[in-house]
Each structure stands twice: as structure tokens, then as C-alpha cells.
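Here's upload-v5.cif, which has mmCIF, C-alpha atoms and all ligand atoms:
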```
data_start
#
loop_
_atom_site.group_PDB
_atom_site.id
_atom_site.type_symbol
_atom_site.label_atom_id
_atom_site.label_comp_id
_atom_site.auth_asym_id
_atom_site.auth_seq_id
_atom_site.Cartn_x
_atom_site.Cartn_y
_atom_site.Cartn_z
ATOM 1 C CA MET A 1 75.677 -142.413 165.874
ATOM 2 C CA PHE A 2 74.976 -145.516 167.947
ATOM 3 C CA GLY A 3 76.755 -144.565 171.147
ATOM 4 C CA SER A 4 78.654 -141.766 172.785
ATOM 5 C CA VAL A 5 82.147 -141.366 174.191
ATOM 6 C CA ASP A 6 80.400 -140.427 177.445
ATOM 7 C CA ASP A 7 79.250 -144.034 177.771
ATOM 8 C CA PHE A 8 82.866 -145.101 178.404
ATOM 9 C CA GLU A 9 85.617 -144.376 180.907
ATOM 10 C CA TRP A 10 88.550 -143.495 178.721
ATOM 11 C CA GLY A 11 91.763 -141.498 178.886
ATOM 12 C CA TRP A 12 94.471 -140.102 176.604
ATOM 13 C CA ASP A 13 98.167 -140.981 176.565
ATOM 14 C CA ILE A 14 101.187 -140.744 174.302
ATOM 15 C CA LEU A 15 102.235 -144.158 173.013
ATOM 16 C CA ASN A 16 105.178 -145.635 174.912
ATOM 17 C CA GLU A 17 106.949 -149.003 175.150
ATOM 18 C CA SER A 18 104.557 -150.283 177.798
ATOM 19 C CA THR A 19 101.284 -149.206 176.174
ATOM 20 C CA SER A 20 99.001 -152.212 175.763
ATOM 21 C CA VAL A 21 98.442 -152.476 171.981
ATOM 22 C CA ASP A 22 98.065 -156.243 171.488
ATOM 23 C CA ASP A 23 94.259 -156.366 171.543
ATOM 24 C CA PHE A 24 93.755 -153.475 169.102
ATOM 25 C CA MET A 25 91.669 -154.667 166.158
ATOM 26 C CA CYS A 26 90.973 -152.729 162.979
ATOM 27 C CA SER A 27 90.220 -154.853 159.939
ATOM 28 C CA LYS A 28 90.192 -151.989 157.370
ATOM 29 C CA SER A 29 92.914 -151.834 154.696
ATOM 30 C CA GLU A 30 94.131 -155.385 155.290
ATOM 31 C CA HIS A 31 94.840 -154.635 158.958
ATOM 32 C CA HIS A 32 97.202 -151.777 158.058
ATOM 33 C CA PHE A 33 96.198 -149.788 161.160
ATOM 34 C CA GLU A 34 96.876 -152.721 163.496
ATOM 35 C CA HIS A 35 100.266 -153.241 161.873
ATOM 36 C CA PHE A 36 101.203 -149.571 162.197
ATOM 37 C CA LEU A 37 100.235 -149.397 165.873
ATOM 38 C CA LYS A 38 101.825 -152.695 166.901
ATOM 39 C CA ASP A 39 104.968 -152.726 164.736
ATOM 40 C CA LEU A 40 105.819 -149.253 163.471
ATOM 41 C CA ALA A 41 104.458 -146.471 165.665
ATOM 42 C CA ILE A 42 107.113 -146.708 168.365
ATOM 43 C CA LEU A 43 109.892 -146.820 165.737
ATOM 44 C CA TYR A 44 108.483 -143.733 164.000
ATOM 45 C CA GLN A 45 108.357 -142.019 167.351
ATOM 46 C CA GLY A 46 111.981 -142.934 168.106
ATOM 47 C CA GLU A 47 113.029 -141.446 164.770
ATOM 48 C CA ARG A 48 110.879 -138.321 165.344
ATOM 49 C CA LEU A 49 108.834 -139.037 162.210
ATOM 50 C CA ALA A 50 105.438 -139.102 163.899
ATOM 51 C CA ILE A 51 104.093 -139.006 167.435
ATOM 52 C CA THR A 52 101.250 -141.380 168.285
ATOM 53 C CA TYR A 53 98.501 -140.526 170.759
ATOM 54 C CA VAL A 54 96.207 -143.218 172.119
ATOM 55 C CA ILE A 55 92.801 -143.462 173.738
ATOM 56 C CA LEU A 56 92.747 -146.123 176.445
ATOM 57 C CA ILE A 57 89.901 -148.044 178.013
ATOM 58 C CA ASP A 58 90.839 -150.463 180.819
ATOM 59 C CA ASN A 59 94.453 -149.640 179.986
ATOM 60 C CA LYS A 60 94.112 -150.939 176.410
ATOM 61 C CA VAL A 61 94.283 -148.907 173.217
ATOM 62 C CA ILE A 62 90.874 -148.546 171.564
ATOM 63 C CA ALA A 63 91.784 -145.713 169.173
ATOM 64 C CA TYR A 64 94.886 -143.831 168.092
ATOM 65 C CA TYR A 65 96.222 -141.136 165.832
ATOM 66 C CA SER A 66 99.680 -140.057 164.711
ATOM 67 C CA LEU A 67 100.826 -136.539 163.933
ATOM 68 C CA ALA A 68 103.719 -134.993 162.038
ATOM 69 C CA THR A 69 104.428 -131.604 160.517
ATOM 70 C CA ASP A 70 103.492 -131.067 156.879
ATOM 71 C CA LYS A 71 103.206 -128.404 154.223
ATOM 72 C CA VAL A 72 100.503 -127.713 151.698
ATOM 73 C CA ALA A 73 102.376 -126.971 148.506
ATOM 74 C CA MET A 74 101.206 -125.563 145.206
ATOM 75 C CA ASN A 75 100.391 -128.146 142.637
ATOM 76 C CA ASP A 76 101.198 -126.769 139.160
ATOM 77 C CA GLU A 77 98.585 -128.993 137.551
ATOM 78 C CA GLU A 78 95.787 -127.480 139.629
ATOM 79 C CA LYS A 79 96.570 -123.792 139.653
ATOM 80 C CA SER A 80 92.965 -122.558 139.734
ATOM 81 C CA PHE A 81 92.245 -124.740 142.730
ATOM 82 C CA TRP A 82 95.386 -123.448 144.440
ATOM 83 C CA ASN A 83 94.460 -119.825 143.728
ATOM 84 C CA LYS A 84 91.053 -120.342 145.318
ATOM 85 C CA LEU A 85 92.696 -121.676 148.473
ATOM 86 C CA ALA A 86 95.339 -118.951 148.531
ATOM 87 C CA LYS A 87 92.712 -116.198 148.089
ATOM 88 C CA LYS A 88 91.438 -116.907 151.584
ATOM 89 C CA ILE A 89 94.770 -115.762 153.000
ATOM 90 C CA PRO A 90 95.836 -112.113 152.877
ATOM 91 C CA ASN A 91 99.306 -111.176 151.535
ATOM 92 C CA ASN A 92 99.653 -114.556 149.925
ATOM 93 C CA LYS A 93 100.821 -113.551 146.441
ATOM 94 C CA ARG A 94 104.221 -115.152 146.417
ATOM 95 C CA ARG A 95 103.592 -118.119 148.655
ATOM 96 C CA SER A 96 104.013 -121.526 147.130
ATOM 97 C CA SER A 97 103.324 -123.447 150.346
ATOM 98 C CA TYR A 98 101.647 -123.152 153.739
ATOM 99 C CA PRO A 99 102.552 -124.795 157.076
ATOM 100 C CA ALA A 100 100.351 -127.652 158.216
ATOM 101 C CA LEU A 101 99.946 -130.459 160.729
ATOM 102 C CA LYS A 102 99.396 -133.899 159.239
ATOM 103 C CA LEU A 103 97.115 -136.528 160.628
ATOM 104 C CA CYS A 104 99.224 -139.456 159.433
ATOM 105 C CA GLN A 105 97.168 -142.269 160.955
ATOM 106 C CA LEU A 106 93.733 -142.420 162.571
ATOM 107 C CA ALA A 107 91.956 -145.587 163.577
ATOM 108 C CA VAL A 108 89.291 -146.712 165.994
ATOM 109 C CA ASP A 109 89.063 -150.337 167.153
ATOM 110 C CA ASP A 110 86.267 -152.182 165.280
ATOM 111 C CA ASN A 111 84.510 -152.862 168.592
ATOM 112 C CA TYR A 112 84.379 -149.157 169.469
ATOM 113 C CA ALA A 113 83.514 -147.639 166.066
ATOM 114 C CA ALA A 114 80.481 -145.343 165.733
ATOM 115 C CA ASN A 115 80.705 -144.061 169.294
ATOM 116 C CA GLY A 116 82.222 -140.664 168.559
ATOM 117 C CA PHE A 117 85.906 -141.498 169.144
ATOM 118 C CA GLY A 118 86.864 -140.552 165.573
ATOM 119 C CA LYS A 119 85.200 -137.168 165.964
ATOM 120 C CA LEU A 120 86.825 -136.720 169.378
ATOM 121 C CA ILE A 121 90.249 -137.309 167.800
ATOM 122 C CA ILE A 122 89.595 -134.838 164.970
ATOM 123 C CA ASN A 123 88.495 -132.174 167.444
ATOM 124 C CA ARG A 124 91.554 -132.793 169.586
ATOM 125 C CA THR A 125 93.860 -132.643 166.576
ATOM 126 C CA ILE A 126 92.366 -129.297 165.546
ATOM 127 C CA LYS A 127 92.808 -127.984 169.072
ATOM 128 C CA MET A 128 96.416 -129.215 169.170
ATOM 129 C CA ALA A 129 97.102 -127.475 165.846
ATOM 130 C CA LEU A 130 95.567 -124.228 167.117
ATOM 131 C CA ASP A 131 97.572 -124.463 170.358
ATOM 132 C CA LEU A 132 100.919 -124.951 168.585
ATOM 133 C CA LYS A 133 103.202 -122.016 169.165
ATOM 134 C CA VAL A 134 104.345 -122.199 165.549
ATOM 135 C CA GLY A 135 102.659 -121.161 162.321
ATOM 136 C CA CYS A 136 100.189 -123.786 161.201
ATOM 137 C CA ARG A 137 97.356 -122.957 158.807
ATOM 138 C CA PHE A 138 95.965 -126.375 157.869
ATOM 139 C CA VAL A 139 95.397 -129.880 159.200
ATOM 140 C CA THR A 140 95.998 -132.349 156.374
ATOM 141 C CA VAL A 141 95.163 -135.992 155.857
ATOM 142 C CA ASP A 142 95.501 -138.541 153.072
ATOM 143 C CA ALA A 143 92.058 -140.067 153.403
ATOM 144 C CA LEU A 144 91.164 -143.597 152.419
ATOM 145 C CA PRO A 145 88.300 -143.423 149.895
ATOM 146 C CA ASP A 146 85.953 -145.077 152.430
ATOM 147 C CA ALA A 147 86.764 -142.393 154.995
ATOM 148 C CA GLU A 148 86.372 -139.352 152.711
ATOM 149 C CA SER A 149 82.796 -138.639 153.795
ATOM 150 C CA PHE A 150 83.797 -138.985 157.461
ATOM 151 C CA TYR A 151 86.406 -136.240 156.969
ATOM 152 C CA GLU A 152 83.917 -134.113 154.995
ATOM 153 C CA LYS A 153 81.545 -134.351 157.930
ATOM 154 C CA MET A 154 84.386 -133.160 160.154
ATOM 155 C CA GLY A 155 84.904 -130.055 157.961
ATOM 156 C CA PHE A 156 87.711 -131.265 155.693
ATOM 157 C CA ALA A 157 87.717 -130.658 151.929
ATOM 158 C CA ARG A 158 89.654 -132.125 149.023
ATOM 159 C CA LEU A 159 93.068 -130.606 148.468
ATOM 160 C CA SER A 160 93.268 -132.006 144.988
ATOM 161 C CA LYS A 161 90.771 -133.288 142.457
ATOM 162 C CA LYS A 162 92.807 -136.404 141.887
ATOM 163 C CA PRO A 163 93.616 -139.178 144.361
ATOM 164 C CA ASN A 164 97.257 -139.795 145.195
ATOM 165 C CA PRO A 165 98.499 -141.968 142.280
ATOM 166 C CA LYS A 166 100.730 -144.028 144.601
ATOM 167 C CA ASN A 167 98.032 -145.364 146.916
ATOM 168 C CA ASP A 168 94.640 -143.932 145.859
ATOM 169 C CA THR A 169 94.282 -141.918 149.060
ATOM 170 C CA ILE A 170 92.582 -138.519 148.820
ATOM 171 C CA PRO A 171 94.557 -135.490 149.984
ATOM 172 C CA MET A 172 92.288 -133.364 152.203
ATOM 173 C CA TYR A 173 92.649 -130.288 154.381
ATOM 174 C CA PHE A 174 90.965 -128.502 157.250
ATOM 175 C CA ASP A 175 91.473 -124.725 157.207
ATOM 176 C CA LEU A 176 92.327 -123.534 160.730
ATOM 177 C CA GLY A 177 91.978 -119.964 159.460
ATOM 178 C CA ALA A 178 88.249 -120.539 159.125
ATOM 179 C CA ILE A 179 87.917 -120.839 162.905
ATOM 180 C CA LEU A 180 90.336 -118.096 163.925
ATOM 181 C CA PRO A 181 88.772 -115.064 165.614
ATOM 182 C CA ASP A 182 88.453 -112.038 163.280
HETATM 183 C C1 LIG B 1 86.795 -143.635 159.988
HETATM 184 C C2 LIG B 1 86.859 -143.797 161.519
HETATM 185 C C3 LIG B 1 88.119 -143.149 162.064
HETATM 186 C C4 LIG B 1 85.626 -143.118 162.117
HETATM 187 O O1 LIG B 1 85.702 -143.216 163.527
HETATM 188 P P1 LIG B 1 84.393 -143.491 164.399
HETATM 189 O O2 LIG B 1 84.762 -143.381 165.823
HETATM 190 O O3 LIG B 1 83.756 -144.753 163.953
HETATM 191 O O4 LIG B 1 83.470 -142.275 163.937
HETATM 192 P P2 LIG B 1 82.533 -141.384 164.876
HETATM 193 O O5 LIG B 1 81.657 -142.296 165.681
HETATM 194 O O6 LIG B 1 83.340 -140.394 165.601
HETATM 195 O O7 LIG B 1 81.660 -140.655 163.780
HETATM 196 C C5 LIG B 1 81.550 -139.248 163.711
HETATM 197 C C6 LIG B 1 80.558 -138.940 162.601
HETATM 198 O O8 LIG B 1 81.091 -139.394 161.354
HETATM 199 C C7 LIG B 1 80.224 -140.349 160.739
HETATM 200 N N1 LIG B 1 81.056 -141.397 160.133
HETATM 201 C C8 LIG B 1 81.868 -142.275 160.747
HETATM 202 N N2 LIG B 1 82.504 -143.040 159.833
HETATM 203 C C9 LIG B 1 82.062 -142.636 158.632
HETATM 204 C C10 LIG B 1 82.329 -143.045 157.304
HETATM 205 N N3 LIG B 1 83.192 -144.017 157.018
HETATM 206 N N4 LIG B 1 81.706 -142.387 156.309
HETATM 207 C C11 LIG B 1 80.816 -141.375 156.566
HETATM 208 N N5 LIG B 1 80.535 -140.948 157.812
HETATM 209 C C12 LIG B 1 81.125 -141.576 158.817
HETATM 210 C C13 LIG B 1 79.361 -140.889 161.870
HETATM 211 O O9 LIG B 1 78.130 -141.346 161.400
HETATM 212 C C14 LIG B 1 79.225 -139.673 162.766
HETATM 213 O O10 LIG B 1 78.231 -138.814 162.266
HETATM 214 P P3 LIG B 1 77.245 -138.025 163.247
HETATM 215 O O11 LIG B 1 78.130 -137.141 164.093
HETATM 216 O O12 LIG B 1 76.361 -137.262 162.314
HETATM 217 O O13 LIG B 1 76.530 -139.054 164.036
HETATM 218 C C15 LIG B 1 86.798 -145.294 161.923
HETATM 219 O O14 LIG B 1 85.656 -145.891 161.402
HETATM 220 C C16 LIG B 1 88.025 -146.095 161.535
HETATM 221 O O15 LIG B 1 88.950 -146.236 162.311
HETATM 222 N N6 LIG B 1 88.019 -146.663 160.310
HETATM 223 C C17 LIG B 1 89.092 -147.528 159.861
HETATM 224 C C18 LIG B 1 90.402 -146.788 159.657
HETATM 225 C C19 LIG B 1 90.252 -145.585 158.749
HETATM 226 O O16 LIG B 1 89.599 -145.622 157.719
HETATM 227 N N7 LIG B 1 90.881 -144.491 159.177
HETATM 228 C C20 LIG B 1 90.937 -143.268 158.422
HETATM 229 C C21 LIG B 1 92.220 -143.290 157.704
HETATM 230 S S1 LIG B 1 92.399 -142.009 156.527
#
```

Could you render the structure from this file as C-alpha cells?
Ligand SMILES: CC(C)(COP(=O)(O)OP(=O)(O)OC[C@H]1O[C@@H](n2cnc3c(N)ncnc32)[C@H](O)[C@@H]1OP(=O)(O)O)[C@@H](O)C(=O)NCCC(=O)NCCS
Amino acid sequence: MFGSVDDFEWGWDILNESTSVDDFMCSKSEHHFEHFLKDLAILYQGERLAITYVILIDNKVIAYYSLATDKVAMNDEEKSFWNKLAKKIPNNKRRSSYPALKLCQLAVDDNYAANGFGKLIINRTIKMALDLKVGCRFVTVDALPDAESFYEKMGFARLSKKPNPKNDTIPMYFDLGAILPD
């Protein structure tokens, strides 16, 4: 870690039409995360497909994440893996899926990386999932291969041995049950 979020004056907001997104820079994945924030996030929000939360410094977005509901569903090809996951949950015998919250997008501006904002967002997402007044057992993410070890550090594990064949992302999960009081 090179810096700390405490070195900055920052605040949270939900993305809206007047949020200042133009200066956001994230070169990873051919600028996919810039494109999503600047061109798609507000449309997704309007269609209730994902809600985007932003971290602002001097009124400009320096990091963001988008959330939507999800489910973790049994994958027939990986039954033993599924059984291991399901064993952690009592009375699970007939379940073929579990409710989840999906971290659909997460990006930190290149100029603010390695200061703890990614970790801050993960912690906030976990807290939001725990605070939901609906059943939600897991936080899920389709991790870019480069980000897999970041998510592992944050307590996520692979949900499947194989990457997603469509885009090579790695399905991962964080088990909220592991931090529930006994
Ligand atoms: C991956 C990303 C979100 C991390 O955010 P960040 O603010 O730079 O990370 P943080 O400073 O909060 O790092 C938290 C910890 O994870 C580690 N870490 C950060 N990025 C990492 C990576 N790519 N691989 C392994 N560890 C990583 C840090 O060293 C730090 O460890 P420490 O607590 O032991 O010091 C950010 O680099 C990013 O936006 N990348 C481009 C977009 C992307 O890949 N998003 C994920 C999409 S699935």
C-alpha cells in the first residue's frame, strides 16, 4: 500500500445526471471502466439494471462501483464444488441456488490506485449486503484475471474452476455467512 484513504478528503454519492465523470481515467481493459461510467451507468440505472455508487474528491469521481441482485446457481459440471459450498449452509439439501448481491463494476482512477479505495469499496459492499432487509448469502463478482488476487486478498474465492467462456472473467464469491454472528 502506498497511501491511505485518510490522506484524502472524499465522500460517497449515488451517480446522477450531474455527477462529474469526465475526468475519470482507468486504462485497464481498453478503457472499459471509463466507458461504462461515462456512457452506460446512468442508462443502466434508469432501467433498474444496476445502481452506481461513486467516491468523489473535489466533486469529481475517483472510484465507483455498481451493484445488482444476483443468484449463485448450481453448476451441473462442478457438483463436488457445489456440494462443498452448500455444506456450509444448514437445511440446504434441495437448494439449487442462493441469493446474492453482484458487484457488477468496480474501478479506481489510475491516479488514485493503491491508496485503499478498492478495499474501502469492497468493505462497503459487504456492509450494504449485510444491511439489506432481504435474504442475501453471497457477494459475487466476475473478476478480471488481473484482479483475481485483489479479490482473494479481500476474502473472495473462486466460484468455479473455469473462467467464464464468454469473456475469460473469473466468477468469485464472498460468503456473508462466514461473518454472521453464531
Ligand atoms: C483492482 C482495483 C479495484 C484495486 O483498487 P485499489 O484502490 O488500487 O486497491 P487498494 O489500494 O484498495 O488495495 C487493497 C489491497 O489489495 C492489493 N491489491 C490491489 N490491486 C491488486 C491486484 N491487482 N492484485 C493483487 N493485489 C492487489 C493492495 O496491494 C492492497 O493490499 P494491502 O492491503 O495488503 O496493502 C483497481 O486497481 C482498479 O480499478 N483496477 C482496474 C479495474 C479493475 O480491474 N477492476 C476490477 C474489475 S473485476

| query | A:Ile179, A:His35, A:Cys136, A:Lys127: which is nearest A:Val72, counting only C-alpha atoms? | reply | A:Cys136

| note | For ligand LIG 1 (chain B), the closest of A:Lys88, A:Arg95, A:Arg124, A:Arg137 counting only C-alpha atoms and all ligand atoms is A:Arg124

| note | Nearest to ligand LIG 1 (chain B), restricted to only C-alpha atoms and all ligand atoms and choosing among A:Asn83, A:Ser18, A:Asn164, A:Gln105, comes out as A:Gln105

| message | Need the shell around A:Thr125: protein/DNA/RNA residues with any atom at most 10 Å away, counting all atoms listed in the file. Skip same-chain ones fewer than 2 positions apart. Format as JSON, numbers by chain? | response | {"A": [65, 66, 67, 101, 102, 103, 119, 120, 121, 122, 123, 127, 128, 129, 130, 131, 139]}

| task | Quote the spacing between atom CA of A:Ile62 and atom CA of A:Val21 in Å to one decimal place. | result |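 Taking atom CA of A:Ile62 as the start and atom CA of A:Val21 as the end point, the length is 8.5 Å.
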
Produce a table with one row for each residue of chain A that has an atom at most 8 Å from any atom of ligand LIG 1 (chain B), each row naming the nearest atom pair and its distance in Å at one decimal; use only C-alpha atoms and all ligand atoms; arrange rows by chain and rising residue number; format as CSV.
```
residue,atom,partner,partner_atom,distance
A:Met1,CA,B:LIG1,O13,3.9
A:Phe2,CA,B:LIG1,O13,7.7
A:Gly3,CA,B:LIG1,O5,7.7
A:Ser4,CA,B:LIG1,O5,7.7
A:Cys26,CA,B:LIG1,C17,6.3
A:Ser27,CA,B:LIG1,C17,7.4
A:Lys28,CA,B:LIG1,C17,5.2
A:Ser29,CA,B:LIG1,C18,7.5
A:Phe33,CA,B:LIG1,C18,6.7
A:Ala63,CA,B:LIG1,O15,7.4
A:Cys104,CA,B:LIG1,S1,7.8
A:Gln105,CA,B:LIG1,C21,6.0
A:Leu106,CA,B:LIG1,N7,4.9
A:Ala107,CA,B:LIG1,O15,3.3
A:Val108,CA,B:LIG1,O15,3.7
A:Asp109,CA,B:LIG1,O15,6.3
A:Asp110,CA,B:LIG1,O15,7.2
A:Tyr112,CA,B:LIG1,O2,6.8
A:Ala113,CA,B:LIG1,O3,3.6
A:Ala114,CA,B:LIG1,O5,3.3
A:Asn115,CA,B:LIG1,O5,4.1
A:Gly116,CA,B:LIG1,O6,3.2
A:Phe117,CA,B:LIG1,O2,4.0
A:Gly118,CA,B:LIG1,O6,3.5
A:Lys119,CA,B:LIG1,O6,3.7
A:Leu120,CA,B:LIG1,O6,6.3
A:Ile121,CA,B:LIG1,O6,7.9
A:Val141,CA,B:LIG1,S1,6.7
A:Asp142,CA,B:LIG1,S1,5.8
A:Ala143,CA,B:LIG1,S1,3.7
A:Leu144,CA,B:LIG1,S1,4.6
A:Pro145,CA,B:LIG1,S1,7.9
A:Asp146,CA,B:LIG1,N3,5.5
A:Ala147,CA,B:LIG1,N3,4.4
A:Glu148,CA,B:LIG1,N4,6.6
A:Ser149,CA,B:LIG1,C11,4.4
A:Phe150,CA,B:LIG1,N5,3.8
A:Tyr151,CA,B:LIG1,N5,7.6
A:Lys153,CA,B:LIG1,O8,6.1
A:Met154,CA,B:LIG1,O8,7.2
A:Thr169,CA,B:LIG1,S1,7.7
```

| Do you have the atom CA of A:Ala100-atom CA of A:Leu37 distance handy? |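 About the pair atom CA of A:Ala100 and atom CA of A:Leu37: they are 23.1 Å apart.
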
| request: Given the file shown, determine the residues that the PyMOL selection byres (((chain A and resi 42) around 8) and not hetatm) selects; report them as a PyMOL selection string. | output: chain A and resi 15-17+37+39-41+43-46+52

If you keep N, CA and C atoms, can you output stretch 77-96 of chain A as a PDB file, in the first residue's frame?
```
ATOM      1  N   GLU A  77     -21.821 -29.204 -13.963  1.00  0.00           N
ATOM      2  CA  GLU A  77     -20.480 -29.717 -14.301  1.00  0.00           C
ATOM      3  C   GLU A  77     -19.563 -29.782 -13.082  1.00  0.00           C
ATOM      4  N   GLU A  78     -19.897 -29.005 -12.042  1.00  0.00           N
ATOM      5  CA  GLU A  78     -18.992 -28.929 -10.895  1.00  0.00           C
ATOM      6  C   GLU A  78     -19.717 -29.263  -9.607  1.00  0.00           C
ATOM      7  N   LYS A  79     -20.337 -30.424  -9.615  1.00  0.00           N
ATOM      8  CA  LYS A  79     -21.192 -30.818  -8.485  1.00  0.00           C
ATOM      9  C   LYS A  79     -20.428 -30.912  -7.161  1.00  0.00           C
ATOM     10  N   SER A  80     -19.207 -31.433  -7.191  1.00  0.00           N
ATOM     11  CA  SER A  80     -18.486 -31.616  -5.923  1.00  0.00           C
ATOM     12  C   SER A  80     -18.161 -30.258  -5.319  1.00  0.00           C
ATOM     13  N   PHE A  81     -17.808 -29.320  -6.195  1.00  0.00           N
ATOM     14  CA  PHE A  81     -17.532 -27.968  -5.736  1.00  0.00           C
ATOM     15  C   PHE A  81     -18.788 -27.361  -5.107  1.00  0.00           C
ATOM     16  N   TRP A  82     -19.918 -27.554  -5.795  1.00  0.00           N
ATOM     17  CA  TRP A  82     -21.192 -27.022  -5.319  1.00  0.00           C
ATOM     18  C   TRP A  82     -21.550 -27.641  -3.958  1.00  0.00           C
ATOM     19  N   ASN A  83     -21.355 -28.923  -3.819  1.00  0.00           N
ATOM     20  CA  ASN A  83     -21.696 -29.600  -2.565  1.00  0.00           C
ATOM     21  C   ASN A  83     -20.878 -29.054  -1.399  1.00  0.00           C
ATOM     22  N   LYS A  84     -19.622 -28.730  -1.688  1.00  0.00           N
ATOM     23  CA  LYS A  84     -18.747 -28.182  -0.643  1.00  0.00           C
ATOM     24  C   LYS A  84     -19.304 -26.820  -0.166  1.00  0.00           C
ATOM     25  N   LEU A  85     -19.723 -26.030  -1.113  1.00  0.00           N
ATOM     26  CA  LEU A  85     -20.280 -24.710  -0.795  1.00  0.00           C
ATOM     27  C   LEU A  85     -21.590 -24.865  -0.021  1.00  0.00           C
ATOM     28  N   ALA A  86     -22.437 -25.765  -0.503  1.00  0.00           N
ATOM     29  CA  ALA A  86     -23.759 -25.950   0.087  1.00  0.00           C
ATOM     30  C   ALA A  86     -23.673 -26.537   1.494  1.00  0.00           C
ATOM     31  N   LYS A  87     -22.604 -27.313   1.769  1.00  0.00           N
ATOM     32  CA  LYS A  87     -22.442 -27.939   3.085  1.00  0.00           C
ATOM     33  C   LYS A  87     -22.325 -26.921   4.208  1.00  0.00           C
ATOM     34  N   LYS A  88     -21.864 -25.728   3.850  1.00  0.00           N
ATOM     35  CA  LYS A  88     -21.686 -24.682   4.864  1.00  0.00           C
ATOM     36  C   LYS A  88     -23.029 -24.177   5.365  1.00  0.00           C
ATOM     37  N   ILE A  89     -24.099 -24.489   4.632  1.00  0.00           N
ATOM     38  CA  ILE A  89     -25.400 -23.895   4.940  1.00  0.00           C
ATOM     39  C   ILE A  89     -26.358 -24.988   5.416  1.00  0.00           C
ATOM     40  N   PRO A  90     -26.900 -24.834   6.623  1.00  0.00           N
ATOM     41  CA  PRO A  90     -27.809 -25.872   7.121  1.00  0.00           C
ATOM     42  C   PRO A  90     -29.086 -25.963   6.282  1.00  0.00           C
ATOM     43  N   ASN A  91     -29.750 -27.094   6.304  1.00  0.00           N
ATOM     44  CA  ASN A  91     -31.032 -27.299   5.607  1.00  0.00           C
ATOM     45  C   ASN A  91     -30.954 -26.941   4.132  1.00  0.00           C
ATOM     46  N   ASN A  92     -29.879 -27.307   3.508  1.00  0.00           N
ATOM     47  CA  ASN A  92     -29.663 -26.847   2.135  1.00  0.00           C
ATOM     48  C   ASN A  92     -29.983 -27.897   1.084  1.00  0.00           C
ATOM     49  N   LYS A  93     -30.424 -29.085   1.514  1.00  0.00           N
ATOM     50  CA  LYS A  93     -30.446 -30.258   0.628  1.00  0.00           C
ATOM     51  C   LYS A  93     -31.045 -30.012  -0.754  1.00  0.00           C
ATOM     52  N   ARG A  94     -32.174 -29.328  -0.786  1.00  0.00           N
ATOM     53  CA  ARG A  94     -32.831 -29.228  -2.087  1.00  0.00           C
ATOM     54  C   ARG A  94     -32.579 -27.899  -2.806  1.00  0.00           C
ATOM     55  N   ARG A  95     -31.712 -27.101  -2.266  1.00  0.00           N
ATOM     56  CA  ARG A  95     -31.495 -25.799  -2.902  1.00  0.00           C
ATOM     57  C   ARG A  95     -30.633 -25.927  -4.156  1.00  0.00           C
ATOM     58  N   SER A  96     -31.060 -25.256  -5.208  1.00  0.00           N
ATOM     59  CA  SER A  96     -30.197 -25.257  -6.385  1.00  0.00           C
ATOM     60  C   SER A  96     -29.635 -23.862  -6.633  1.00  0.00           C
TER      61      SER A  96
END
```
